[in-house]
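All remarks here apply to the structure that follows.
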Amino acid sequence: MTFYPNIIAAIGNTPLVKLNKVVPDGAATILAKCEFMNPTGSIKDRMGPYIIEQAEAAGLLKPGGTIVENTSGNTGQSLAMAAAVKGYRCVFTLPDKMSQEKIDMMRAYGAEVVITPTDVPGDSPDHYVNTAKRIAEETPGAFYVDQYHSQWNIEGHYHNTGREIFEQTDGGKFDVFMGGTGTGGTVSGVGRYLKEHAPDVKIIGVDPLGSVHYNLFKTGRLPAAYVYSVEGIGEDIECRAMDFSVVDDMVQIDDWESFHVGRALVREEGLFCGGSSGSIVAAAIEVAKKIGPDKTILVTLCDSGTRYISKYLSDKWMEEKGFFTDHKLLGQVQDLV
Ligand code: PMP
């Protein structure tokens with residue numbers, strides 16, 4: 001009989017699946033790493049439980065302690081899963097644009113969820129990051145995870161996501177890695193692993209239009225951020241979990257493309273994933289066309305579509321938000337709609 005000692009041990013070993021219909025003829029092969037098949041349905045399982053382990057080992061989180069974090073939802077679910085297994089209390093802050101499904105999932109795991117306004121500047125006391133910091137300061141026995149700045153976030157992806165991708169591709173036998181940039185942890189951890197072990201692989205980050213990472217990479221300056229609808233990627237603050245030294249390039253993708261390509265992944269490829277997966281694949285299609293048929297791009301499909309049934313996967317929501325109109329696109333992405 002084969003079994004895991006608990007659900008945390010079942011994280012990872014997600015499959016790589018070739019995209020067949022959304023990639024045009026003559027373009028590079030795109031392989032999708034199905035991170036939505038992790039226990040809580042997202043790539044955050046790679047780093048949430050890892051950070052908890054490190055915090056325990058460092059004596060920052062003790063029995064009876066409380067895990068506090070600002071999250072767009074997926075990190076909260078992953079931490080809440082680890083907390084359920086290990087018996088910690090959890091308090092999470094979440095901007096109000098995030099889907100009800102994510103909030104309900106965190107509460108179902110037993111977490112306390114505090115909703116904060118999305119449309120406030122990064123230095124506002126009501127910003128979800130500042131709210132989490134305040135709660136951590138006021139709560140005895142609290143451990144503030146701090147995913148946006150924690151080096152353990154990068155390390156989690158280095159040891160888990162990066163190593164696994166390297167092993168799954170016969171020692172890094174592919175050409176380009178593309179991941180979304182939320183905290184920056186995925187791209188930085190995978191990028192660092194591949195730069196050390198397969199330095200010919202190019203690392204490209206995908207950022208939503210309205211986020212700061214793209215401009216920080218290109219100009220070194222923090223631009224004004226604005227609100228966009230895609231969830232889980234992009235930020236309005238500079239993140240120390242974003243290590244640009246291992247990133248070769250960044251691409252910016254808007255909501256419209258993200259959602260239409262995400263819907264095509266579900267309908268044409270049978271991959272039930274979230275909007276940020278659409279952003280990454282939209283960007284990968286453009287790169288695939290440029291680099292041509294003999295190359296291979298590996299992308300992450302970061303979370304499950306189960307979180308977005310009432311949002312981008314709902315025709316009603318897409319219609320109400322104007323995503324069925326109001327946009328002109330050329331080429332392959334337009335053909336998918
Ligand atoms: N996609 C989704 C849906 C996410 O929740 C996240 C994590 N915030 C990412 C992509 C990006 O990951 P990272 O924080 O590692 O940059």
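Chain lettering (A, B, ...) mirrors the order of the structure tokens, residue numbering begins at 1 for each chain separately, and ligand numbering begins at 1 in order of display.
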Surrounding residues of segment 86-101 of chain A excluding itself and chain neighbours under 6 positions, 8 Å, only C-alpha atoms, as a PDB file with N, CA and C atoms, in the first residue's frame:
```
ATOM      1  N   PRO A  63       3.746  26.099  18.869  1.00  0.00           N
ATOM      2  CA  PRO A  63       2.427  25.485  19.068  1.00  0.00           C
ATOM      3  C   PRO A  63       1.446  26.492  19.668  1.00  0.00           C
ATOM      4  N   GLY A  64       0.236  26.514  19.135  1.00  0.00           N
ATOM      5  CA  GLY A  64      -0.776  27.472  19.607  1.00  0.00           C
ATOM      6  C   GLY A  64      -0.670  28.824  18.921  1.00  0.00           C
ATOM      7  N   GLY A  65       0.298  28.981  18.033  1.00  0.00           N
ATOM      8  CA  GLY A  65       0.531  30.261  17.357  1.00  0.00           C
ATOM      9  C   GLY A  65      -0.500  30.567  16.278  1.00  0.00           C
ATOM     10  N   THR A  66      -0.423  31.810  15.773  1.00  0.00           N
ATOM     11  CA  THR A  66      -1.356  32.275  14.740  1.00  0.00           C
ATOM     12  C   THR A  66      -0.569  32.680  13.496  1.00  0.00           C
ATOM     13  N   ILE A  67      -1.014  32.188  12.354  1.00  0.00           N
ATOM     14  CA  ILE A  67      -0.394  32.543  11.076  1.00  0.00           C
ATOM     15  C   ILE A  67      -1.177  33.726  10.504  1.00  0.00           C
ATOM     16  N   VAL A  68      -0.464  34.842  10.212  1.00  0.00           N
ATOM     17  CA  VAL A  68      -1.123  36.032   9.664  1.00  0.00           C
ATOM     18  C   VAL A  68      -0.520  36.319   8.290  1.00  0.00           C
ATOM     19  N   GLU A  69      -1.370  36.615   7.299  1.00  0.00           N
ATOM     20  CA  GLU A  69      -0.826  36.921   5.983  1.00  0.00           C
ATOM     21  C   GLU A  69      -1.792  37.753   5.150  1.00  0.00           C
ATOM     22  N   ASN A  70      -1.201  38.587   4.291  1.00  0.00           N
ATOM     23  CA  ASN A  70      -1.963  39.267   3.254  1.00  0.00           C
ATOM     24  C   ASN A  70      -1.935  38.361   2.025  1.00  0.00           C
ATOM     25  N   THR A  71      -3.063  38.162   1.391  1.00  0.00           N
ATOM     26  CA  THR A  71      -3.116  37.167   0.309  1.00  0.00           C
ATOM     27  C   THR A  71      -4.144  37.562  -0.736  1.00  0.00           C
ATOM     28  N   SER A  72      -3.905  37.112  -1.977  1.00  0.00           N
ATOM     29  CA  SER A  72      -4.954  37.257  -2.986  1.00  0.00           C
ATOM     30  C   SER A  72      -5.835  36.009  -2.973  1.00  0.00           C
ATOM     31  N   GLY A  73      -5.612  35.146  -1.998  1.00  0.00           N
ATOM     32  CA  GLY A  73      -6.506  34.013  -1.787  1.00  0.00           C
ATOM     33  C   GLY A  73      -5.799  32.675  -1.836  1.00  0.00           C
ATOM     34  N   GLY A  76      -3.455  32.024   1.079  1.00  0.00           N
ATOM     35  CA  GLY A  76      -4.284  31.800   2.264  1.00  0.00           C
ATOM     36  C   GLY A  76      -4.773  30.361   2.324  1.00  0.00           C
ATOM     37  N   LEU A  79      -1.775  28.063   3.157  1.00  0.00           N
ATOM     38  CA  LEU A  79      -1.382  28.185   4.567  1.00  0.00           C
ATOM     39  C   LEU A  79      -2.458  27.562   5.463  1.00  0.00           C
ATOM     40  N   ALA A  80      -3.725  27.769   5.080  1.00  0.00           N
ATOM     41  CA  ALA A  80      -4.826  27.235   5.897  1.00  0.00           C
ATOM     42  C   ALA A  80      -4.814  25.710   5.895  1.00  0.00           C
ATOM     43  N   GLY A 110     -11.202  26.927   8.045  1.00  0.00           N
ATOM     44  CA  GLY A 110     -11.186  27.408   9.431  1.00  0.00           C
ATOM     45  C   GLY A 110     -10.461  28.724   9.620  1.00  0.00           C
ATOM     46  N   ALA A 111     -10.066  29.381   8.527  1.00  0.00           N
ATOM     47  CA  ALA A 111      -9.333  30.646   8.655  1.00  0.00           C
ATOM     48  C   ALA A 111     -10.275  31.817   8.909  1.00  0.00           C
ATOM     49  N   GLU A 112      -9.751  32.855   9.583  1.00  0.00           N
ATOM     50  CA  GLU A 112     -10.497  34.116   9.710  1.00  0.00           C
ATOM     51  C   GLU A 112     -10.047  35.019   8.571  1.00  0.00           C
ATOM     52  N   VAL A 113     -11.016  35.644   7.877  1.00  0.00           N
ATOM     53  CA  VAL A 113     -10.690  36.439   6.688  1.00  0.00           C
ATOM     54  C   VAL A 113     -11.155  37.879   6.892  1.00  0.00           C
ATOM     55  N   VAL A 114     -10.245  38.838   6.676  1.00  0.00           N
ATOM     56  CA  VAL A 114     -10.566  40.267   6.800  1.00  0.00           C
ATOM     57  C   VAL A 114     -10.497  40.867   5.399  1.00  0.00           C
ATOM     58  N   ILE A 115     -11.600  41.450   4.926  1.00  0.00           N
ATOM     59  CA  ILE A 115     -11.645  42.018   3.568  1.00  0.00           C
ATOM     60  C   ILE A 115     -11.279  43.499   3.624  1.00  0.00           C
ATOM     61  N   THR A 116     -10.382  43.929   2.730  1.00  0.00           N
ATOM     62  CA  THR A 116      -9.926  45.326   2.698  1.00  0.00           C
ATOM     63  C   THR A 116     -10.196  45.909   1.305  1.00  0.00           C
ATOM     64  N   PRO A 117     -10.227  47.258   1.168  1.00  0.00           N
ATOM     65  CA  PRO A 117     -10.493  47.828  -0.161  1.00  0.00           C
ATOM     66  C   PRO A 117      -9.334  47.599  -1.141  1.00  0.00           C
ATOM     67  N   THR A 118      -9.665  47.322  -2.416  1.00  0.00           N
ATOM     68  CA  THR A 118      -8.636  47.104  -3.449  1.00  0.00           C
ATOM     69  C   THR A 118      -8.041  48.433  -3.906  1.00  0.00           C
ATOM     70  N   HIS A 127      -4.713  49.347   3.196  1.00  0.00           N
ATOM     71  CA  HIS A 127      -4.181  48.409   2.201  1.00  0.00           C
ATOM     72  C   HIS A 127      -4.056  47.033   2.856  1.00  0.00           C
ATOM     73  N   TYR A 128      -4.294  45.976   2.093  1.00  0.00           N
ATOM     74  CA  TYR A 128      -4.339  44.644   2.724  1.00  0.00           C
ATOM     75  C   TYR A 128      -3.013  44.236   3.356  1.00  0.00           C
ATOM     76  N   VAL A 129      -1.898  44.704   2.788  1.00  0.00           N
ATOM     77  CA  VAL A 129      -0.595  44.365   3.380  1.00  0.00           C
ATOM     78  C   VAL A 129      -0.426  45.073   4.729  1.00  0.00           C
ATOM     79  N   THR A 131      -2.759  46.165   6.665  1.00  0.00           N
ATOM     80  CA  THR A 131      -3.738  45.610   7.617  1.00  0.00           C
ATOM     81  C   THR A 131      -3.201  44.311   8.237  1.00  0.00           C
ATOM     82  N   ALA A 132      -2.602  43.465   7.399  1.00  0.00           N
ATOM     83  CA  ALA A 132      -2.048  42.200   7.922  1.00  0.00           C
ATOM     84  C   ALA A 132      -0.917  42.465   8.911  1.00  0.00           C
ATOM     85  N   SER A 229      -8.480  43.284 -13.337  1.00  0.00           N
ATOM     86  CA  SER A 229      -9.376  42.243 -12.812  1.00  0.00           C
ATOM     87  C   SER A 229      -8.725  40.883 -12.614  1.00  0.00           C
ATOM     88  N   GLU A 231      -6.657  37.947 -11.217  1.00  0.00           N
ATOM     89  CA  GLU A 231      -6.303  37.747  -9.804  1.00  0.00           C
ATOM     90  C   GLU A 231      -5.023  36.926  -9.657  1.00  0.00           C
ATOM     91  N   THR A 306     -11.923  26.454 -10.493  1.00  0.00           N
ATOM     92  CA  THR A 306     -13.002  26.346  -9.496  1.00  0.00           C
ATOM     93  C   THR A 306     -13.192  27.663  -8.737  1.00  0.00           C
ATOM     94  N   ARG A 307     -12.139  28.481  -8.661  1.00  0.00           N
ATOM     95  CA  ARG A 307     -12.219  29.756  -7.940  1.00  0.00           C
ATOM     96  C   ARG A 307     -12.923  30.834  -8.747  1.00  0.00           C
ATOM     97  N   TYR A 308     -13.155  30.590 -10.016  1.00  0.00           N
ATOM     98  CA  TYR A 308     -13.611  31.677 -10.903  1.00  0.00           C
ATOM     99  C   TYR A 308     -14.900  31.333 -11.652  1.00  0.00           C
ATOM    100  N   SER A 310     -17.840  32.005 -10.838  1.00  0.00           N
ATOM    101  CA  SER A 310     -18.769  33.154 -10.842  1.00  0.00           C
ATOM    102  C   SER A 310     -18.121  34.378 -11.474  1.00  0.00           C
ATOM    103  N   LYS A 311     -16.876  34.235 -11.931  1.00  0.00           N
ATOM    104  CA  LYS A 311     -16.188  35.404 -12.503  1.00  0.00           C
ATOM    105  C   LYS A 311     -15.818  35.134 -13.957  1.00  0.00           C
TER     106      LYS A 311
END
```
For segment 254-261 of chain A, find every residue with an atom within 9 Å (counting only C-alpha atoms), except residues of its own chain fewer than 2 positions away, and show them as number ranges by chain.
A: 22, 207-210, 228-230, 252, 263-266, 274-283, 312-313, 318, 323-324, 326-327, 329, 333-334, 336-337
Determine, using only C-alpha atoms, which residues of segment 99-168 of chain A have any atom at most 12 Å from an atom of segment 198-206 of chain A, and tabulate each with its shortest atom pair and distance in Å to one decimal place, rows ordered by chain and then rising number, as a tab-separated table.
```
residue	atom	partner	partner_atom	distance
A:Gly162	CA	A:Ala198	CA	10.7
A:Arg163	CA	A:Ala198	CA	10.8
A:Ile165	CA	A:Ala198	CA	10.8
A:Phe166	CA	A:Ala198	CA	7.9
A:Glu167	CA	A:Ala198	CA	10.9
```
Taking N, CA and C atoms for each residue, export the selection above as an mmCIF file, in the first residue's frame.
```cif
data_model
loop_
_atom_site.group_PDB
_atom_site.id
_atom_site.type_symbol
_atom_site.label_atom_id
_atom_site.label_comp_id
_atom_site.auth_asym_id
_atom_site.auth_seq_id
_atom_site.Cartn_x
_atom_site.Cartn_y
_atom_site.Cartn_z
ATOM 1 N N GLY A 162 11.239 24.649 -9.022
ATOM 2 C CA GLY A 162 12.410 24.703 -9.900
ATOM 3 C C GLY A 162 13.060 23.346 -10.088
ATOM 4 N N ARG A 163 13.338 22.682 -8.970
ATOM 5 C CA ARG A 163 13.983 21.367 -9.042
ATOM 6 C C ARG A 163 13.114 20.378 -9.824
ATOM 7 N N ILE A 165 10.813 20.951 -12.134
ATOM 8 C CA ILE A 165 10.793 21.267 -13.574
ATOM 9 C C ILE A 165 12.088 20.771 -14.216
ATOM 10 N N PHE A 166 13.195 20.994 -13.557
ATOM 11 C CA PHE A 166 14.501 20.557 -14.063
ATOM 12 C C PHE A 166 14.508 19.037 -14.257
ATOM 13 N N GLU A 167 14.027 18.304 -13.244
ATOM 14 C CA GLU A 167 14.049 16.839 -13.319
ATOM 15 C C GLU A 167 13.080 16.310 -14.371
#
```
Mind checking which residues fall within 9 Å of Pro223 of chain A, counting only C-alpha atoms, ignoring those fewer than 2 positions away in the same chain, and posting them as a PyMOL selection string?
chain A and resi 211-213+215-216+221+225+236
Write a file of the selected residues as a short mmCIF file (atom, residue, chain, number, x, y, z; two decimals), in the first residue's frame, keeping C-alpha atoms.
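And here's part_31.cif as it stands now:
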```cif
data_model
loop_
_atom_site.label_atom_id
_atom_site.label_comp_id
_atom_site.auth_asym_id
_atom_site.auth_seq_id
_atom_site.Cartn_x
_atom_site.Cartn_y
_atom_site.Cartn_z
CA SER A 211 0.93 46.19 -12.07
CA VAL A 212 4.37 47.57 -11.21
CA HIS A 213 6.73 44.63 -11.90
CA ASN A 215 8.02 48.81 -15.35
CA LEU A 216 10.33 48.12 -12.42
CA ARG A 221 11.31 52.97 -11.36
CA ALA A 225 -0.38 51.09 -10.31
CA ASP A 236 1.26 47.74 -6.54
#
```
Which residues sit within 6 Å of ligand 1, counting only C-alpha atoms and all ligand atoms, listed as a ChimeraX atom specification?
/A:74,180-186,231-233,276,302-303
Based on the selection just made, write C-alpha atoms of those residues as a tab-separated table (two decimals), in the first residue's frame.
```tsv
chain	number	residue	atom	x	y	z
A	74	ASN	CA	-4.33	31.16	-2.98
A	180	GLY	CA	3.28	34.97	-13.67
A	181	THR	CA	4.61	37.61	-11.30
A	182	GLY	CA	2.51	38.13	-8.18
A	183	THR	CA	4.95	38.16	-5.29
A	184	GLY	CA	7.68	37.19	-7.78
A	185	GLY	CA	8.42	33.98	-5.86
A	186	THR	CA	7.72	31.53	-8.70
A	231	GLU	CA	-6.30	37.75	-9.80
A	232	GLY	CA	-3.08	36.45	-8.27
A	233	ILE	CA	-0.54	38.20	-10.47
A	276	SER	CA	-3.54	34.23	-14.60
A	302	CYS	CA	-1.10	28.59	-11.57
A	303	ASP	CA	-4.52	27.83	-10.14
```
Can you tell me, as a PDB file with C-alpha atoms, in the first residue's frame, what residues are no more than 7 Å from segment 27-34 of chain A when counting only C-alpha atoms, ignoring any on the same chain fewer than 4 positions away?
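Okay, this is what ended up in selection-v9.pdb:
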```pdb
ATOM      1  CA  THR A  14       2.233  17.977 -11.170  1.00  0.00           C
ATOM      2  CA  PRO A  15       2.078  16.871 -14.819  1.00  0.00           C
ATOM      3  CA  LEU A  16       3.425  18.691 -17.880  1.00  0.00           C
ATOM      4  CA  VAL A  17       0.781  18.780 -20.613  1.00  0.00           C
ATOM      5  CA  LYS A  18       1.301  19.874 -24.236  1.00  0.00           C
ATOM      6  CA  LEU A  19      -1.003  22.604 -25.516  1.00  0.00           C
ATOM      7  CA  VAL A  23      -0.856  27.360 -30.265  1.00  0.00           C
ATOM      8  CA  ALA A 288       6.165  30.917 -29.406  1.00  0.00           C
ATOM      9  CA  LYS A 289       5.380  32.669 -32.686  1.00  0.00           C
ATOM     10  CA  ILE A 291      11.032  31.828 -31.632  1.00  0.00           C
ATOM     11  CA  GLY A 292       9.564  29.245 -34.026  1.00  0.00           C
ATOM     12  CA  PRO A 293       8.780  25.531 -34.163  1.00  0.00           C
ATOM     13  CA  ASP A 294      12.013  23.937 -32.974  1.00  0.00           C
ATOM     14  CA  LYS A 295      11.824  25.438 -29.497  1.00  0.00           C
ATOM     15  CA  THR A 296       9.911  24.560 -26.343  1.00  0.00           C
ATOM     16  CA  ILE A 297       8.346  26.925 -23.816  1.00  0.00           C
ATOM     17  CA  LEU A 298       7.314  25.719 -20.369  1.00  0.00           C
ATOM     18  CA  VAL A 299       4.534  27.692 -18.642  1.00  0.00           C
ATOM     19  CA  THR A 300       2.822  27.378 -15.275  1.00  0.00           C
ATOM     20  CA  LEU A 301      -0.954  27.033 -15.012  1.00  0.00           C
TER      21      LEU A 301
END
```
Counting only C-alpha atoms, figure out which residue out of A:Val176, A:Met242, A:Leu61, A:Ile285 gets nearest to Tyr148 of chain A.
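Using only C-alpha atoms, the shortest distance to Tyr148 of chain A belongs to A:Met242.
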Using DSSP assignments from the backbone, pull out every residue in segment 162-277 of chain A that falls under strand (DSSP E or B) and give it to me as a compact mmCIF listing (two decimals) with C-alpha atoms, in the first residue's frame.
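Below you can see selection29.txt, which holds the result:
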```
# COMPACT_ATOMS: atom_id res chain seq x y z
CA VAL A 176 12.03 29.32 -22.21
CA PHE A 177 10.32 29.30 -18.82
CA MET A 178 7.34 31.63 -18.38
CA GLY A 179 5.52 32.26 -15.11
CA GLY A 180 3.28 34.97 -13.67
CA LYS A 202 15.51 31.97 -20.72
CA ILE A 203 13.27 33.19 -17.90
CA ILE A 204 10.32 35.45 -18.77
CA GLY A 205 7.90 36.94 -16.22
CA VAL A 206 4.30 37.79 -17.14
CA ASP A 207 2.74 40.81 -15.44
CA PRO A 208 -0.77 42.25 -15.81
CA LEU A 209 -1.21 45.72 -17.27
CA SER A 211 0.93 46.19 -12.07
CA ASP A 249 12.55 39.60 -19.88
CA MET A 250 9.04 40.61 -18.82
CA VAL A 251 5.80 40.72 -20.84
CA GLN A 252 2.67 42.70 -20.00
CA ILE A 253 -0.79 41.25 -20.69
CA CYS A 273 -7.45 26.88 -14.83
```
Interatomic distance, atom CA of Tyr193 of chain A to atom CA of Met47 of chain A (Å, one decimal)
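Computing it gives 14.8 Å between the two atoms.
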Using the chain letters and numbers from this document, which residues of segment 179-328 of chain A does DSSP assign to helix (DSSP H, G or I), as JSON, numbers by chain?
{"A": [185, 186, 187, 188, 189, 190, 191, 192, 193, 194, 195, 196, 197, 213, 214, 215, 216, 217, 218, 219, 244, 245, 246, 255, 256, 257, 258, 259, 260, 261, 262, 263, 264, 265, 266, 267, 268, 269, 275, 276, 277, 278, 279, 280, 281, 282, 283, 284, 285, 286, 287, 288, 289, 290, 291, 305, 306, 307, 308, 315, 316, 317, 318, 319, 320]}
May I have the residues from that selection written out with C-alpha atoms, as a PDB file, in the first residue's frame?
```
ATOM      1  CA  GLY A 185       8.421  33.982  -5.864  1.00  0.00           C
ATOM      2  CA  THR A 186       7.722  31.529  -8.695  1.00  0.00           C
ATOM      3  CA  VAL A 187       9.769  33.258 -11.370  1.00  0.00           C
ATOM      4  CA  SER A 188      12.585  34.080  -8.931  1.00  0.00           C
ATOM      5  CA  GLY A 189      12.812  30.575  -7.416  1.00  0.00           C
ATOM      6  CA  VAL A 190      12.439  28.663 -10.689  1.00  0.00           C
ATOM      7  CA  GLY A 191      14.665  31.226 -12.424  1.00  0.00           C
ATOM      8  CA  ARG A 192      17.390  30.871  -9.809  1.00  0.00           C
ATOM      9  CA  TYR A 193      17.311  27.070 -10.001  1.00  0.00           C
ATOM     10  CA  LEU A 194      17.478  27.044 -13.793  1.00  0.00           C
ATOM     11  CA  LYS A 195      20.195  29.728 -13.983  1.00  0.00           C
ATOM     12  CA  GLU A 196      22.315  27.498 -11.745  1.00  0.00           C
ATOM     13  CA  HIS A 197      21.519  24.147 -13.369  1.00  0.00           C
ATOM     14  CA  HIS A 213       6.727  44.625 -11.904  1.00  0.00           C
ATOM     15  CA  TYR A 214       7.027  45.169 -15.670  1.00  0.00           C
ATOM     16  CA  ASN A 215       8.023  48.813 -15.348  1.00  0.00           C
ATOM     17  CA  LEU A 216      10.330  48.123 -12.422  1.00  0.00           C
ATOM     18  CA  PHE A 217      12.147  45.567 -14.574  1.00  0.00           C
ATOM     19  CA  LYS A 218      12.307  47.779 -17.656  1.00  0.00           C
ATOM     20  CA  THR A 219      13.062  51.154 -16.045  1.00  0.00           C
ATOM     21  CA  PHE A 244      15.031  40.459 -11.294  1.00  0.00           C
ATOM     22  CA  SER A 245      18.643  39.250 -11.520  1.00  0.00           C
ATOM     23  CA  VAL A 246      17.383  35.835 -12.736  1.00  0.00           C
ATOM     24  CA  ASP A 255      -7.360  41.464 -18.594  1.00  0.00           C
ATOM     25  CA  TRP A 256      -9.109  40.939 -21.914  1.00  0.00           C
ATOM     26  CA  GLU A 257      -6.404  38.681 -23.343  1.00  0.00           C
ATOM     27  CA  SER A 258      -5.957  36.847 -20.029  1.00  0.00           C
ATOM     28  CA  PHE A 259      -9.621  35.962 -19.757  1.00  0.00           C
ATOM     29  CA  HIS A 260     -10.162  34.974 -23.391  1.00  0.00           C
ATOM     30  CA  VAL A 261      -7.071  32.775 -23.495  1.00  0.00           C
ATOM     31  CA  GLY A 262      -7.972  31.325 -20.053  1.00  0.00           C
ATOM     32  CA  ARG A 263     -11.435  30.408 -21.377  1.00  0.00           C
ATOM     33  CA  ALA A 264      -9.823  28.846 -24.467  1.00  0.00           C
ATOM     34  CA  LEU A 265      -7.582  26.729 -22.224  1.00  0.00           C
ATOM     35  CA  VAL A 266     -10.694  25.373 -20.510  1.00  0.00           C
ATOM     36  CA  ARG A 267     -12.804  24.896 -23.639  1.00  0.00           C
ATOM     37  CA  GLU A 268     -10.215  23.822 -26.193  1.00  0.00           C
ATOM     38  CA  GLU A 269      -7.601  22.073 -24.095  1.00  0.00           C
ATOM     39  CA  GLY A 275      -7.243  33.841 -15.367  1.00  0.00           C
ATOM     40  CA  SER A 276      -3.535  34.228 -14.598  1.00  0.00           C
ATOM     41  CA  SER A 277      -2.881  30.989 -16.509  1.00  0.00           C
ATOM     42  CA  GLY A 278      -4.579  32.743 -19.425  1.00  0.00           C
ATOM     43  CA  SER A 279      -2.218  35.725 -19.024  1.00  0.00           C
ATOM     44  CA  ILE A 280       0.844  33.485 -19.080  1.00  0.00           C
ATOM     45  CA  VAL A 281      -0.311  31.410 -22.055  1.00  0.00           C
ATOM     46  CA  ALA A 282      -1.339  34.579 -23.970  1.00  0.00           C
ATOM     47  CA  ALA A 283       2.208  35.865 -23.503  1.00  0.00           C
ATOM     48  CA  ALA A 284       3.690  32.447 -24.335  1.00  0.00           C
ATOM     49  CA  ILE A 285       1.761  32.280 -27.634  1.00  0.00           C
ATOM     50  CA  GLU A 286       3.390  35.547 -28.699  1.00  0.00           C
ATOM     51  CA  VAL A 287       6.862  34.297 -27.722  1.00  0.00           C
ATOM     52  CA  ALA A 288       6.165  30.917 -29.406  1.00  0.00           C
ATOM     53  CA  LYS A 289       5.380  32.669 -32.686  1.00  0.00           C
ATOM     54  CA  LYS A 290       8.610  34.655 -32.488  1.00  0.00           C
ATOM     55  CA  ILE A 291      11.032  31.828 -31.632  1.00  0.00           C
ATOM     56  CA  GLY A 305     -10.855  27.467 -12.448  1.00  0.00           C
ATOM     57  CA  THR A 306     -13.002  26.346  -9.496  1.00  0.00           C
ATOM     58  CA  ARG A 307     -12.219  29.756  -7.940  1.00  0.00           C
ATOM     59  CA  TYR A 308     -13.611  31.677 -10.903  1.00  0.00           C
ATOM     60  CA  ASP A 315     -20.611  34.447 -19.484  1.00  0.00           C
ATOM     61  CA  LYS A 316     -22.783  36.807 -17.427  1.00  0.00           C
ATOM     62  CA  TRP A 317     -19.785  38.265 -15.586  1.00  0.00           C
ATOM     63  CA  MET A 318     -17.763  38.604 -18.818  1.00  0.00           C
ATOM     64  CA  GLU A 319     -20.709  40.380 -20.461  1.00  0.00           C
ATOM     65  CA  GLU A 320     -21.266  42.733 -17.492  1.00  0.00           C
TER      66      GLU A 320
END
```
For Ala10 of chain A, which residue out of A:Ala82, A:Ile237, A:Ala136, A:Ile309 is the nearest one, using only C-alpha atoms?
A:Ala82
For Asn13 of chain A, which residue out of A:Ile103, A:Met37, A:Met81, A:Ala108 is the nearest one, using only C-alpha atoms?
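Between A:Ile103, A:Met37, A:Met81, A:Ala108, the residue approaching Asn13 of chain A most closely is A:Met37.
When atom CA of Asp170 of chain A is paired with atom CA of Gly48 of chain A, their separation reads 27.0 Å.
Among A:Ser314, A:Ala224, A:Lys321, A:Asp243, the residue with the shortest atom-to-atom distance to Pro121 of chain A, counting only C-alpha atoms, is A:Ala224.
Put simply, atom CA of Gly141 of chain A is 23.5 Å away from atom CA of Gly156 of chain A.
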